[in-house]
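Take a look at the structure set out below.
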Amino acid sequence: SRTDLRHPEHLSLAYTRTMMGFLLFMPAPAAVAMIGLGGGSLARFIHRHLPEASMKVVEINPSVIDLRAEFQVPDDGERFKVRLGDGAAFVQDPPRRYDVLLVDGFDVQGQPPELASLDFYLDCRSTLEPDGVLVVNLFPGFAGFERQVENLGIAFAVVLVLIAILVI
């Protein structure tokens, strides 16, 4: 993650801008869920630029949540909430259906297996409204990428793979 402290609501990295490509298909979501808070870039952007959307973020690492003030992640409120929890468990029993589900649960070894299985993607589909959009941050360089794309193809009728070029 990377943040421009002068403009923390801007998306500095190509992959976060690519993930926001869901706006082409769902320009005015009412309800967004996200698995993985990370540095908060997507959460800050959605909170700022989609004021009509409610957002729920599920983060498994309490240390990441502890850094939310330093990351300038908005405080919990009526339309924005961050909760400690397991993303795979969240989609098994979601509190509601969402228009958009962003999966950005990543570690140094790639997508954790719990966030990469066919069962997980089927649960993601059930978490979404019928015309909802799932966005998953994947990295082609990690083992299992091809299998994840296959699993997405089984779980969803349409899969669009976009590659963001990382410039450091």
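In the structure tokens, the first chain shown is A, the next is B, and so on; residue numbers restart at 1 for each chain, and ligands run from 1 in the order shown.
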
Task: Residue neighbourhood range 150-164 of chain A, 6 Å, only C-alpha atoms, exclusion window fewer than 5 positions, as an MDAnalysis selection string - done: chainID A and resid 14:15 118 121:122

Write the selection just made, keeping N, CA, C and O atoms, as an mmCIF file, in the first residue's frame?
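Result went into selection_12.cif, see below:
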data_model
loop_
_atom_site.group_PDB
_atom_site.id
_atom_site.type_symbol
_atom_site.label_atom_id
_atom_site.label_comp_id
_atom_site.auth_asym_id
_atom_site.auth_seq_id
_atom_site.Cartn_x
_atom_site.Cartn_y
_atom_site.Cartn_z
ATOM 1 N N ALA A 14 -1.452 1.566 -9.158
ATOM 2 C CA ALA A 14 -2.232 1.116 -10.316
ATOM 3 C C ALA A 14 -3.228 0.025 -9.940
ATOM 4 O O ALA A 14 -4.358 0.015 -10.429
ATOM 5 N N TYR A 15 -2.840 -0.888 -9.055
ATOM 6 C CA TYR A 15 -3.759 -1.979 -8.742
ATOM 7 C C TYR A 15 -5.007 -1.477 -8.025
ATOM 8 O O TYR A 15 -6.110 -1.991 -8.252
ATOM 9 N N LEU A 118 -12.585 -22.575 -4.579
ATOM 10 C CA LEU A 118 -13.869 -22.540 -5.283
ATOM 11 C C LEU A 118 -15.003 -22.276 -4.293
ATOM 12 O O LEU A 118 -15.899 -21.471 -4.572
ATOM 13 N N TYR A 121 -15.218 -18.598 -3.528
ATOM 14 C CA TYR A 121 -15.793 -17.804 -4.613
ATOM 15 C C TYR A 121 -17.295 -18.055 -4.765
ATOM 16 O O TYR A 121 -18.046 -17.130 -5.088
ATOM 17 N N LEU A 122 -17.737 -19.276 -4.505
ATOM 18 C CA LEU A 122 -19.185 -19.548 -4.519
ATOM 19 C C LEU A 122 -19.873 -18.783 -3.389
ATOM 20 O O LEU A 122 -20.973 -18.237 -3.584
#

Open item on the list: Please list as a list in words every residue within 7 Å of range 80-90 of chain A, counting only C-alpha atoms and excluding residues in the same chain fewer than 6 positions away.
Closed with: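 Once the adjacent positions are removed, what remains is Ile35, Ser54, Met55, Lys56, Val57, Val58, Glu59, Ile60, Pro62, Glu114, Leu115 and Phe120 of chain A.
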
Open item on the list: Using only C-alpha atoms, which protein or nucleic acid residues come within 12 Å of range 77-79 of chain A? Drop anything in the same chain fewer than 4 positions from it, and give the result as a ChimeraX atom specification.
Closed with: /A:30-33,43,46-48,50-57,73

Open item on the list: Taking only C-alpha atoms into account, name the residue in A:Glu9, A:Pro140, A:Phe22, A:Glu146 that is nearest to Pro74 in chain A.
Closed with: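 Result for the nearest residue to Pro74 in chain A: A:Glu9.
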
Task: Separation of CA of Asp93 in chain A from CA of Ala69 in chain A, in Å and rounded to one decimal - done: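 Separation between CA of Asp93 in chain A and CA of Ala69 in chain A: 28.7 Å.
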
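Between CA of Pro112 in chain A and CA of Ser126 in chain A lies a distance of 20.2 Å.
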
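Proximity of A:Val136, A:Leu23, A:Val91, A:Cys124 to Phe106 in chain A, computed with only C-alpha atoms, is greatest for A:Val136.
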
Open item on the list: So the first atom is CA of Pro27 in chain A and the second is CA of Asp99 in chain A; what is the distance between them in Å, to one decimal place?
Closed with: 10.3 Å

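For the choices A:Arg97, A:His10, A:Arg17, A:Arg44, the atom-to-atom distance to Asn137 in chain A is smallest for A:Arg17 when using only C-alpha atoms.
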
Open item on the list: I need the strand (DSSP E or B) residues of range 30-94 of chain A per DSSP on the backbone, written as a count of residues only.
Closed with: 16

TODO: Rank nothing, just name the residue among A:Glu70, A:Asp76, A:Asp104, A:Glu129 nearest to Met20 in chain A, using only C-alpha atoms.
DONE: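 Of the candidates, the smallest distance to Met20 in chain A is held by A:Asp104.
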
- [ ] Output as number ranges by chain all residues of range 5-157 of chain A that backbone DSSP marks as helix (DSSP H, G or I).
- [x] A: 14-24, 41-49, 62-66, 87-92, 113-115, 118-127, 145-155
